[in-house]
2 protein chains.
Amino acid sequence: MDFQVIKVKENILEENSKRADSLRKLLKEKGIYFINVMASPGSGKTTLLTNLINRLKGKYNIGVMEADIDGDVDAERISKNTGVRAIQIHTSGACHLTAQMVHDAIGQFDIEGLNLLFLENVGNLVCPAEFDTGSNINMMLLSVPEGDDKPLKYPLMFEVSNIAVITKIDTAEIFDFDFARCEENIHRRNRNAKIFKVSALQDQGVEELSEYIDQLVEAR
Amino acid sequence: MDFQVIKVKENILEENSKRADSLRKLLKEKGIYFINVMASPGSGKTTLLTNLINRLKGKYNIGVMEADIDGDVDAERISKNTGVRAIQIHTSGACHLTAQMVHDAIGQFDIEGLNLLFLENVGNLVCPAEFDTGSNINMMLLSVPEGDDKPLKYPLMFEVSNIAVITKIDTAEIFDFDFARCEENIHRRNRNAKIFKVSALQDQGVEELSEYIDQLVEAR
């Protein structure tokens with residue numbers, strides 16, 4: 001039984017990788033840089049994206065796909081607060097997005113003329129890390145209230161993310177968060193991870209991240 | 001392809017339910033009340049359990065199973081801070097525990113003489129909700145920094161949990177958390193959910209929860 005289950009999963013992952021590669025190729029042809037944003041529920045993905053998009057929208061045409069199991073508060077929030085194109089993807093109970101789901105969503109989303117596409121994945125530190133969405137880069141967020149030990153407990157998420165953003169840094173004192181230990185834990189999982197420390201609400205540290213993303217999009 | 005995948009999942013869930021029922025029966029015979037604790041990463045599960053166990057350990061013999069994808073910081077913390085029996089379960093990448101995994105773990109854990117068993121599930125608001133672990137009750141935690149809108153986005157977790165604990169309430173002002181809206185959102189998902197508001201670190205509200213659990217264990 002276990003063997004069968006694992007085999008099905010391997011097939012799914014293999015199929016997903018092929019689909020992700022073809023999606024990446026399609027987006028490259030259209031000149032679109034695609035960033036997959038992953039994190040726990042409530043880590044501040046939508047707030048950070050809103051801040052980032054408001055910094056970058058003068059230079060790039062930006063689109064956002066908001067994935068959730070249910071609800072459409074995020075797409076509404078992003079669209080209202082940034083003015084860019086946003087759609088809500090409902091995963092019908094699924095805990096992650098596959099490349100196929102992204103592909104289908106893009107089919108219903110006018111991507112012509114976009115330069116930069118964000119996907120806000122389902123809030124989950126586990127499953128989304130297993131599925132290549134077809135993105136050019138994975139950006140993961142770890143919020144201070146979650147604690148500095150999370151890279152020890154959710155290794156894959158940190159391994160597959162080349163941008164790690166520590167969010168809600170204005171609350172570090174309340175939560176006794178140790179940045180040095182956290183950064184060490186992140187680099188233990190991924191020595192290439194570029195780490196940023198931000199408070200999107202207080203507008204701290206977002207400029208540096210925005211400049212880094214600007215460089216990535218420029219080089220697309 | 002989709003159909004096949006779904007079918008496999010249905011088989012797994014059906015198999016899991018049977019295993020969960022037999023585990024529940026086994027624990028009932030031994031007089032052990034079993035509580036499955038679920039939440040996002042970093043929502044304060046271990047801190048709350050430590051506080052609860054220290055209140056209840058004078059009356060009951062308590063055991064704790066700490067599940068994580070990797071790392072053993074939690075079992076060490078619980079054991080050091082409460083003195084009760086704790087084991088760490090590594091899920092080898094899995095995002096949830098099945099009843100079979102709990103059954104295997106119990107096989108390696110001396111449960112004779114226990115009256116109360118806690119399982120700290122993998123930090124994840126999605127997948128653990130799908131799998132009956134064989135527990136008598138599900139207790140889920142939502143921490144204030146995650147936001148009051150989470151019941152809208154992660155419906156199943158709230159539907160399957162008859163105890164919903166709002167944690168880190170001492171930070172409500174910083175995070176602009178609306179308790180009334182949150183409670184309304186929780187009850188929309190599960191009208192029977194018993195809601196508690198706590199700060200385990202500040203020792204607020206835990207006594208009420210502890211008394212409620214005491215009643216449940218008494219009636220086992």
# chains A, B, ... in the order shown; residues from 1 in each chain; ligands from 1

$ interface_residues --of "chain B" --to "chain A" --cutoff "7 Å" --atoms "only C-alpha atoms" --output "ChimeraX atom specification"
/B:40-43,68-71,95,124,126-127,145-147,152-154

$ residues_around --residues "segment 55-62 of chain B" --least-positions-apart "5" --cutoff "6 Å" --atoms "only C-alpha atoms" --output "mmCIF file with C-alpha atoms, in the first residue's frame"
data_model
loop_
_atom_site.group_PDB
_atom_site.id
_atom_site.type_symbol
_atom_site.label_atom_id
_atom_site.label_comp_id
_atom_site.auth_asym_id
_atom_site.auth_seq_id
_atom_site.Cartn_x
_atom_site.Cartn_y
_atom_site.Cartn_z
ATOM 1 C CA LEU B 114 -1.290 6.804 30.997
ATOM 2 C CA ASN B 115 -4.665 8.596 31.324
ATOM 3 C CA LEU B 116 -4.075 11.409 28.873
ATOM 4 C CA LEU B 117 -2.136 11.439 25.628
#

$ atom_distance --atom1 "atom CA of Val165 of chain A" --atom2 "atom CA of Gln88 of chain B"
28.6 Å

$ closest_residue --among "B:Ile137, B:Ala180, B:Ile53, B:Val102" --to "Arg85 of chain B" --atoms "only C-alpha atoms"
B:Ile53

$ calpha_fit_and_write --fixed "chain A" --moving "chain B" --output "PDB file with C-alpha atoms, in the first residue's frame"
ATOM      1  CA  MET B   1       0.120   0.090   0.009  1.00  0.00           C
ATOM      2  CA  ASP B   2       2.818   2.517   1.038  1.00  0.00           C
ATOM      3  CA  PHE B   3       4.817   1.635  -2.029  1.00  0.00           C
ATOM      4  CA  GLN B   4       1.850   2.243  -4.343  1.00  0.00           C
ATOM      5  CA  VAL B   5       1.191   5.595  -2.764  1.00  0.00           C
ATOM      6  CA  ILE B   6       4.788   6.678  -3.114  1.00  0.00           C
ATOM      7  CA  LYS B   7       4.877   5.546  -6.719  1.00  0.00           C
ATOM      8  CA  VAL B   8       1.787   7.593  -7.540  1.00  0.00           C
ATOM      9  CA  LYS B   9       3.413  10.570  -5.899  1.00  0.00           C
ATOM     10  CA  GLU B  10       6.609  10.132  -7.911  1.00  0.00           C
ATOM     11  CA  ASN B  11       4.582  10.033 -11.112  1.00  0.00           C
ATOM     12  CA  ILE B  12       2.740  13.176 -10.106  1.00  0.00           C
ATOM     13  CA  LEU B  13       5.975  15.006  -9.289  1.00  0.00           C
ATOM     14  CA  GLU B  14       7.593  13.926 -12.571  1.00  0.00           C
ATOM     15  CA  GLU B  15       4.545  15.014 -14.569  1.00  0.00           C
ATOM     16  CA  ASN B  16       4.527  18.269 -12.627  1.00  0.00           C
ATOM     17  CA  SER B  17       8.182  19.022 -13.402  1.00  0.00           C
ATOM     18  CA  LYS B  18       7.592  18.656 -17.135  1.00  0.00           C
ATOM     19  CA  ARG B  19       4.587  20.924 -16.986  1.00  0.00           C
ATOM     20  CA  ALA B  20       6.548  23.452 -14.926  1.00  0.00           C
ATOM     21  CA  ASP B  21       9.384  23.498 -17.474  1.00  0.00           C
ATOM     22  CA  SER B  22       7.019  24.124 -20.367  1.00  0.00           C
ATOM     23  CA  LEU B  23       5.288  26.889 -18.410  1.00  0.00           C
ATOM     24  CA  ARG B  24       8.660  28.504 -17.665  1.00  0.00           C
ATOM     25  CA  LYS B  25       9.494  28.381 -21.378  1.00  0.00           C
ATOM     26  CA  LEU B  26       6.162  29.956 -22.334  1.00  0.00           C
ATOM     27  CA  LEU B  27       6.594  32.789 -19.827  1.00  0.00           C
ATOM     28  CA  LYS B  28      10.180  33.406 -20.909  1.00  0.00           C
ATOM     29  CA  GLU B  29       9.034  33.820 -24.516  1.00  0.00           C
ATOM     30  CA  LYS B  30       6.558  36.425 -23.335  1.00  0.00           C
ATOM     31  CA  GLY B  31       9.223  38.223 -21.278  1.00  0.00           C
ATOM     32  CA  ILE B  32       7.487  37.524 -17.972  1.00  0.00           C
ATOM     33  CA  TYR B  33       9.485  36.896 -14.786  1.00  0.00           C
ATOM     34  CA  PHE B  34       7.529  34.650 -12.415  1.00  0.00           C
ATOM     35  CA  ILE B  35       7.977  34.631  -8.614  1.00  0.00           C
ATOM     36  CA  ASN B  36       6.327  31.988  -6.412  1.00  0.00           C
ATOM     37  CA  VAL B  37       5.702  33.283  -2.877  1.00  0.00           C
ATOM     38  CA  MET B  38       5.311  30.699  -0.114  1.00  0.00           C
ATOM     39  CA  ALA B  39       4.841  30.854   3.667  1.00  0.00           C
ATOM     40  CA  SER B  40       2.731  29.763   6.612  1.00  0.00           C
ATOM     41  CA  PRO B  41      -0.777  31.133   7.010  1.00  0.00           C
ATOM     42  CA  GLY B  42      -0.706  34.672   8.359  1.00  0.00           C
ATOM     43  CA  SER B  43       2.978  35.330   7.799  1.00  0.00           C
ATOM     44  CA  GLY B  44       2.281  38.544   5.908  1.00  0.00           C
ATOM     45  CA  LYS B  45       2.453  37.479   2.243  1.00  0.00           C
ATOM     46  CA  THR B  46      -0.310  39.770   1.032  1.00  0.00           C
ATOM     47  CA  THR B  47       0.947  42.775   2.992  1.00  0.00           C
ATOM     48  CA  LEU B  48       4.500  42.340   1.705  1.00  0.00           C
ATOM     49  CA  LEU B  49       3.307  41.843  -1.880  1.00  0.00           C
ATOM     50  CA  THR B  50       1.204  44.995  -1.667  1.00  0.00           C
ATOM     51  CA  ASN B  51       4.209  47.022  -0.532  1.00  0.00           C
ATOM     52  CA  LEU B  52       6.534  45.462  -3.145  1.00  0.00           C
ATOM     53  CA  ILE B  53       4.084  45.915  -6.007  1.00  0.00           C
ATOM     54  CA  ASN B  54       3.543  49.557  -5.157  1.00  0.00           C
ATOM     55  CA  ARG B  55       7.315  50.049  -5.418  1.00  0.00           C
ATOM     56  CA  LEU B  56       7.725  48.143  -8.682  1.00  0.00           C
ATOM     57  CA  LYS B  57       4.538  48.958 -10.598  1.00  0.00           C
ATOM     58  CA  GLY B  58       5.910  52.227 -11.982  1.00  0.00           C
ATOM     59  CA  LYS B  59       8.578  50.286 -13.864  1.00  0.00           C
ATOM     60  CA  TYR B  60       6.883  46.955 -14.643  1.00  0.00           C
ATOM     61  CA  ASN B  61       3.466  45.671 -15.633  1.00  0.00           C
ATOM     62  CA  ILE B  62       2.617  43.334 -12.779  1.00  0.00           C
ATOM     63  CA  GLY B  63       0.039  40.576 -12.330  1.00  0.00           C
ATOM     64  CA  VAL B  64      -0.815  38.646  -9.170  1.00  0.00           C
ATOM     65  CA  MET B  65      -2.386  35.234  -8.686  1.00  0.00           C
ATOM     66  CA  GLU B  66      -3.717  34.658  -5.193  1.00  0.00           C
ATOM     67  CA  ALA B  67      -4.197  30.996  -4.295  1.00  0.00           C
ATOM     68  CA  ASP B  68      -6.352  29.899  -1.383  1.00  0.00           C
ATOM     69  CA  ILE B  69      -8.379  26.876  -0.491  1.00  0.00           C
ATOM     70  CA  ASP B  70     -11.350  29.175  -0.100  1.00  0.00           C
ATOM     71  CA  GLY B  71     -12.131  32.887   0.212  1.00  0.00           C
ATOM     72  CA  ASP B  72     -11.211  35.792  -2.038  1.00  0.00           C
ATOM     73  CA  VAL B  73     -10.142  38.415   0.480  1.00  0.00           C
ATOM     74  CA  ASP B  74      -6.545  38.464  -0.777  1.00  0.00           C
ATOM     75  CA  ALA B  75      -7.199  39.158  -4.470  1.00  0.00           C
ATOM     76  CA  GLU B  76      -9.608  41.905  -3.454  1.00  0.00           C
ATOM     77  CA  ARG B  77      -7.067  43.439  -1.033  1.00  0.00           C
ATOM     78  CA  ILE B  78      -4.187  43.346  -3.513  1.00  0.00           C
ATOM     79  CA  SER B  79      -6.227  44.746  -6.344  1.00  0.00           C
ATOM     80  CA  LYS B  80      -7.716  47.526  -4.199  1.00  0.00           C
ATOM     81  CA  ASN B  81      -4.375  48.531  -2.671  1.00  0.00           C
ATOM     82  CA  THR B  82      -2.148  48.364  -5.738  1.00  0.00           C
ATOM     83  CA  GLY B  83      -4.412  48.699  -8.756  1.00  0.00           C
ATOM     84  CA  VAL B  84      -2.674  45.828 -10.587  1.00  0.00           C
ATOM     85  CA  ARG B  85      -4.375  42.830 -12.174  1.00  0.00           C
ATOM     86  CA  ALA B  86      -5.175  40.160  -9.598  1.00  0.00           C
ATOM     87  CA  ILE B  87      -7.057  36.889  -9.746  1.00  0.00           C
ATOM     88  CA  GLN B  88      -8.066  34.472  -7.033  1.00  0.00           C
ATOM     89  CA  ILE B  89      -7.395  30.768  -7.526  1.00  0.00           C
ATOM     90  CA  HIS B  90      -9.431  28.355  -5.406  1.00  0.00           C
ATOM     91  CA  THR B  91      -7.646  25.049  -4.887  1.00  0.00           C
ATOM     92  CA  SER B  92     -10.801  23.111  -3.883  1.00  0.00           C
ATOM     93  CA  GLY B  93      -9.210  21.789  -0.729  1.00  0.00           C
ATOM     94  CA  ALA B  94      -5.729  21.171  -2.140  1.00  0.00           C
ATOM     95  CA  CYS B  95      -2.845  22.214   0.074  1.00  0.00           C
ATOM     96  CA  HIS B  96      -0.567  23.392  -2.737  1.00  0.00           C
ATOM     97  CA  LEU B  97      -0.551  24.480  -6.368  1.00  0.00           C
ATOM     98  CA  THR B  98       0.698  22.290  -9.185  1.00  0.00           C
ATOM     99  CA  ALA B  99       2.203  23.676 -12.390  1.00  0.00           C
ATOM    100  CA  GLN B 100      -0.956  22.474 -14.162  1.00  0.00           C
ATOM    101  CA  MET B 101      -3.139  24.535 -11.835  1.00  0.00           C
ATOM    102  CA  VAL B 102      -0.987  27.606 -12.502  1.00  0.00           C
ATOM    103  CA  HIS B 103      -1.157  26.900 -16.223  1.00  0.00           C
ATOM    104  CA  ASP B 104      -4.970  26.680 -16.103  1.00  0.00           C
ATOM    105  CA  ALA B 105      -5.159  29.879 -14.070  1.00  0.00           C
ATOM    106  CA  ILE B 106      -2.941  31.734 -16.537  1.00  0.00           C
ATOM    107  CA  GLY B 107      -5.305  30.613 -19.288  1.00  0.00           C
ATOM    108  CA  GLN B 108      -8.064  32.622 -17.604  1.00  0.00           C
ATOM    109  CA  PHE B 109      -5.832  35.606 -16.899  1.00  0.00           C
ATOM    110  CA  ASP B 110      -4.730  38.118 -19.473  1.00  0.00           C
ATOM    111  CA  ILE B 111      -0.939  37.933 -19.164  1.00  0.00           C
ATOM    112  CA  GLU B 112      -0.131  39.756 -22.422  1.00  0.00           C
ATOM    113  CA  GLY B 113       2.112  42.726 -21.732  1.00  0.00           C
ATOM    114  CA  LEU B 114       3.041  41.645 -18.215  1.00  0.00           C
ATOM    115  CA  ASN B 115       6.731  41.709 -17.174  1.00  0.00           C
ATOM    116  CA  LEU B 116       6.371  40.374 -13.659  1.00  0.00           C
ATOM    117  CA  LEU B 117       3.977  37.799 -12.269  1.00  0.00           C
ATOM    118  CA  PHE B 118       3.601  36.923  -8.604  1.00  0.00           C
ATOM    119  CA  LEU B 119       1.914  33.798  -7.283  1.00  0.00           C
ATOM    120  CA  GLU B 120       0.847  33.862  -3.656  1.00  0.00           C
ATOM    121  CA  ASN B 121       0.751  30.130  -2.912  1.00  0.00           C
ATOM    122  CA  VAL B 122      -1.494  28.436  -0.303  1.00  0.00           C
ATOM    123  CA  GLY B 123      -0.412  29.260   3.258  1.00  0.00           C
ATOM    124  CA  ASN B 124       1.534  26.122   4.148  1.00  0.00           C
ATOM    125  CA  LEU B 125       5.207  25.501   4.973  1.00  0.00           C
ATOM    126  CA  VAL B 126       5.137  21.892   3.787  1.00  0.00           C
ATOM    127  CA  CYS B 127       3.383  20.810   0.590  1.00  0.00           C
ATOM    128  CA  PRO B 128       3.894  23.815  -1.725  1.00  0.00           C
ATOM    129  CA  ALA B 129       7.659  23.216  -1.412  1.00  0.00           C
ATOM    130  CA  GLU B 130       7.292  19.865  -3.172  1.00  0.00           C
ATOM    131  CA  PHE B 131       5.716  21.204  -6.347  1.00  0.00           C
ATOM    132  CA  ASP B 132       7.567  23.260  -8.932  1.00  0.00           C
ATOM    133  CA  THR B 133       5.031  25.868 -10.075  1.00  0.00           C
ATOM    134  CA  GLY B 134       6.996  26.927 -13.151  1.00  0.00           C
ATOM    135  CA  SER B 135       8.370  29.967 -11.347  1.00  0.00           C
ATOM    136  CA  ASN B 136      11.790  31.514 -11.996  1.00  0.00           C
ATOM    137  CA  ILE B 137      12.459  31.843  -8.293  1.00  0.00           C
ATOM    138  CA  ASN B 138      10.869  30.803  -5.004  1.00  0.00           C
ATOM    139  CA  MET B 139      10.560  33.423  -2.301  1.00  0.00           C
ATOM    140  CA  MET B 140       9.568  32.204   1.158  1.00  0.00           C
ATOM    141  CA  LEU B 141       8.534  34.263   4.167  1.00  0.00           C
ATOM    142  CA  LEU B 142       9.083  33.427   7.803  1.00  0.00           C
ATOM    143  CA  SER B 143       7.375  35.770  10.234  1.00  0.00           C
ATOM    144  CA  VAL B 144       9.000  36.618  13.546  1.00  0.00           C
ATOM    145  CA  PRO B 145       6.032  35.331  15.640  1.00  0.00           C
ATOM    146  CA  GLU B 146       6.556  31.851  14.139  1.00  0.00           C
ATOM    147  CA  GLY B 147       9.974  31.556  15.763  1.00  0.00           C
ATOM    148  CA  ASP B 148      13.609  31.280  14.681  1.00  0.00           C
ATOM    149  CA  ASP B 149      13.618  27.446  14.800  1.00  0.00           C
ATOM    150  CA  LYS B 150      11.390  26.889  11.761  1.00  0.00           C
ATOM    151  CA  PRO B 151      14.204  26.042   9.287  1.00  0.00           C
ATOM    152  CA  LEU B 152      14.947  23.027  11.501  1.00  0.00           C
ATOM    153  CA  LYS B 153      11.373  21.778  11.279  1.00  0.00           C
ATOM    154  CA  TYR B 154      10.427  22.531   7.668  1.00  0.00           C
ATOM    155  CA  PRO B 155      13.656  21.781   5.806  1.00  0.00           C
ATOM    156  CA  LEU B 156      12.372  21.438   2.234  1.00  0.00           C
ATOM    157  CA  MET B 157      10.714  24.861   2.160  1.00  0.00           C
ATOM    158  CA  PHE B 158      14.022  26.510   3.027  1.00  0.00           C
ATOM    159  CA  GLU B 159      15.987  24.270   0.656  1.00  0.00           C
ATOM    160  CA  VAL B 160      13.907  25.214  -2.402  1.00  0.00           C
ATOM    161  CA  SER B 161      13.703  28.948  -1.678  1.00  0.00           C
ATOM    162  CA  ASN B 162      16.528  31.206  -2.847  1.00  0.00           C
ATOM    163  CA  ILE B 163      14.935  34.262  -1.252  1.00  0.00           C
ATOM    164  CA  ALA B 164      14.060  33.993   2.442  1.00  0.00           C
ATOM    165  CA  VAL B 165      12.296  37.016   3.906  1.00  0.00           C
ATOM    166  CA  ILE B 166      11.960  37.393   7.651  1.00  0.00           C
ATOM    167  CA  THR B 167       8.778  39.446   8.135  1.00  0.00           C
ATOM    168  CA  LYS B 168       7.199  41.406  11.018  1.00  0.00           C
ATOM    169  CA  ILE B 169      10.675  42.276  12.352  1.00  0.00           C
ATOM    170  CA  ASP B 170       9.159  45.129  14.384  1.00  0.00           C
ATOM    171  CA  THR B 171       7.831  42.460  16.792  1.00  0.00           C
ATOM    172  CA  ALA B 172      11.192  40.744  17.385  1.00  0.00           C
ATOM    173  CA  GLU B 173      11.532  41.923  20.961  1.00  0.00           C
ATOM    174  CA  ILE B 174       8.103  40.656  22.034  1.00  0.00           C
ATOM    175  CA  PHE B 175       8.758  37.234  20.553  1.00  0.00           C
ATOM    176  CA  ASP B 176      12.389  36.930  21.678  1.00  0.00           C
ATOM    177  CA  PHE B 177      13.480  36.223  18.115  1.00  0.00           C
ATOM    178  CA  ASP B 178      17.185  35.576  17.533  1.00  0.00           C
ATOM    179  CA  PHE B 179      18.086  36.818  14.016  1.00  0.00           C
ATOM    180  CA  ALA B 180      21.620  35.402  14.028  1.00  0.00           C
ATOM    181  CA  ARG B 181      20.372  31.940  14.992  1.00  0.00           C
ATOM    182  CA  CYS B 182      17.591  32.133  12.411  1.00  0.00           C
ATOM    183  CA  GLU B 183      19.966  33.137   9.613  1.00  0.00           C
ATOM    184  CA  GLU B 184      22.331  30.345  10.595  1.00  0.00           C
ATOM    185  CA  ASN B 185      19.410  27.877  10.519  1.00  0.00           C
ATOM    186  CA  ILE B 186      18.325  29.123   7.088  1.00  0.00           C
ATOM    187  CA  HIS B 187      21.834  28.875   5.644  1.00  0.00           C
ATOM    188  CA  ARG B 188      22.166  25.360   7.037  1.00  0.00           C
ATOM    189  CA  ARG B 189      19.256  24.419   4.758  1.00  0.00           C
ATOM    190  CA  ASN B 190      20.328  26.521   1.793  1.00  0.00           C
ATOM    191  CA  ARG B 191      23.687  28.208   1.724  1.00  0.00           C
ATOM    192  CA  ASN B 192      22.675  30.277  -1.327  1.00  0.00           C
ATOM    193  CA  ALA B 193      19.564  31.734   0.239  1.00  0.00           C
ATOM    194  CA  LYS B 194      19.504  35.511   0.113  1.00  0.00           C
ATOM    195  CA  ILE B 195      17.988  36.696   3.390  1.00  0.00           C
ATOM    196  CA  PHE B 196      16.003  39.919   3.844  1.00  0.00           C
ATOM    197  CA  LYS B 197      14.520  41.338   7.028  1.00  0.00           C
ATOM    198  CA  VAL B 198      11.403  43.443   6.668  1.00  0.00           C
ATOM    199  CA  SER B 199       8.379  44.955   8.314  1.00  0.00           C
ATOM    200  CA  ALA B 200       6.043  45.638   5.408  1.00  0.00           C
ATOM    201  CA  LEU B 201       3.581  47.526   7.596  1.00  0.00           C
ATOM    202  CA  GLN B 202       6.291  49.746   9.119  1.00  0.00           C
ATOM    203  CA  ASP B 203       7.972  49.960   5.699  1.00  0.00           C
ATOM    204  CA  GLN B 204      11.323  48.692   6.986  1.00  0.00           C
ATOM    205  CA  GLY B 205      13.710  46.751   4.755  1.00  0.00           C
ATOM    206  CA  VAL B 206      11.347  46.391   1.806  1.00  0.00           C
ATOM    207  CA  GLU B 207      13.375  48.729  -0.410  1.00  0.00           C
ATOM    208  CA  GLU B 208      16.378  46.379  -0.374  1.00  0.00           C
ATOM    209  CA  LEU B 209      14.194  43.408  -1.325  1.00  0.00           C
ATOM    210  CA  SER B 210      12.490  45.457  -4.004  1.00  0.00           C
ATOM    211  CA  GLU B 211      15.857  46.410  -5.521  1.00  0.00           C
ATOM    212  CA  TYR B 212      16.945  42.783  -5.537  1.00  0.00           C
ATOM    213  CA  ILE B 213      13.753  41.725  -7.324  1.00  0.00           C
ATOM    214  CA  ASP B 214      14.210  44.612  -9.752  1.00  0.00           C
ATOM    215  CA  GLN B 215      17.655  43.205 -10.669  1.00  0.00           C
ATOM    216  CA  LEU B 216      16.212  39.735 -11.197  1.00  0.00           C
ATOM    217  CA  VAL B 217      13.461  41.034 -13.471  1.00  0.00           C
ATOM    218  CA  GLU B 218      15.931  43.241 -15.395  1.00  0.00           C
ATOM    219  CA  ALA B 219      18.072  40.163 -16.091  1.00  0.00           C
ATOM    220  CA  ARG B 220      15.117  37.982 -17.205  1.00  0.00           C
TER     221      ARG B 220
END

$ select_by_dssp --residues "segment 11-216 of chain A" --states "strand (DSSP E)" --output "short mmCIF file (atom, residue, chain, number, x, y, z; two decimals) with C-alpha atoms, in the first residue's frame"
data_model
loop_
_atom_site.label_atom_id
_atom_site.label_comp_id
_atom_site.auth_asym_id
_atom_site.auth_seq_id
_atom_site.Cartn_x
_atom_site.Cartn_y
_atom_site.Cartn_z
CA TYR A 33 9.50 36.88 -14.78
CA PHE A 34 7.55 34.63 -12.41
CA ILE A 35 7.99 34.63 -8.61
CA ASN A 36 6.33 31.98 -6.41
CA VAL A 37 5.70 33.28 -2.88
CA MET A 38 5.32 30.69 -0.11
CA ALA A 39 4.85 30.86 3.67
CA ILE A 62 2.62 43.31 -12.78
CA GLY A 63 0.05 40.55 -12.32
CA VAL A 64 -0.80 38.63 -9.16
CA MET A 65 -2.38 35.22 -8.68
CA GLU A 66 -3.73 34.65 -5.18
CA ALA A 67 -4.20 30.99 -4.28
CA ASP A 68 -6.34 29.90 -1.37
CA ARG A 85 -4.40 42.82 -12.17
CA ALA A 86 -5.17 40.13 -9.58
CA ILE A 87 -7.06 36.86 -9.74
CA GLN A 88 -8.07 34.46 -7.03
CA ILE A 89 -7.39 30.76 -7.53
CA HIS A 90 -9.41 28.35 -5.40
CA LEU A 116 6.38 40.36 -13.66
CA LEU A 117 3.99 37.78 -12.27
CA PHE A 118 3.61 36.91 -8.60
CA LEU A 119 1.92 33.79 -7.28
CA GLU A 120 0.86 33.85 -3.65
CA ILE A 137 12.48 31.84 -8.30
CA ASN A 138 10.88 30.81 -5.01
CA MET A 139 10.56 33.43 -2.29
CA MET A 140 9.57 32.22 1.16
CA LEU A 141 8.53 34.26 4.17
CA LEU A 142 9.09 33.43 7.80
CA SER A 143 7.37 35.76 10.24
CA ILE A 163 14.94 34.27 -1.25
CA ALA A 164 14.05 34.01 2.44
CA VAL A 165 12.28 37.03 3.90
CA ILE A 166 11.95 37.40 7.65
CA THR A 167 8.76 39.44 8.14
CA LYS A 194 19.49 35.53 0.10
CA ILE A 195 17.97 36.72 3.39
CA PHE A 196 15.99 39.93 3.84
CA LYS A 197 14.51 41.35 7.03
#

$ select_by_dssp --residues "segment 165-210 of chain B" --states "alpha helix (DSSP H)" --output "VMD selection string"
chain B and resid 179 to 189 206 to 210
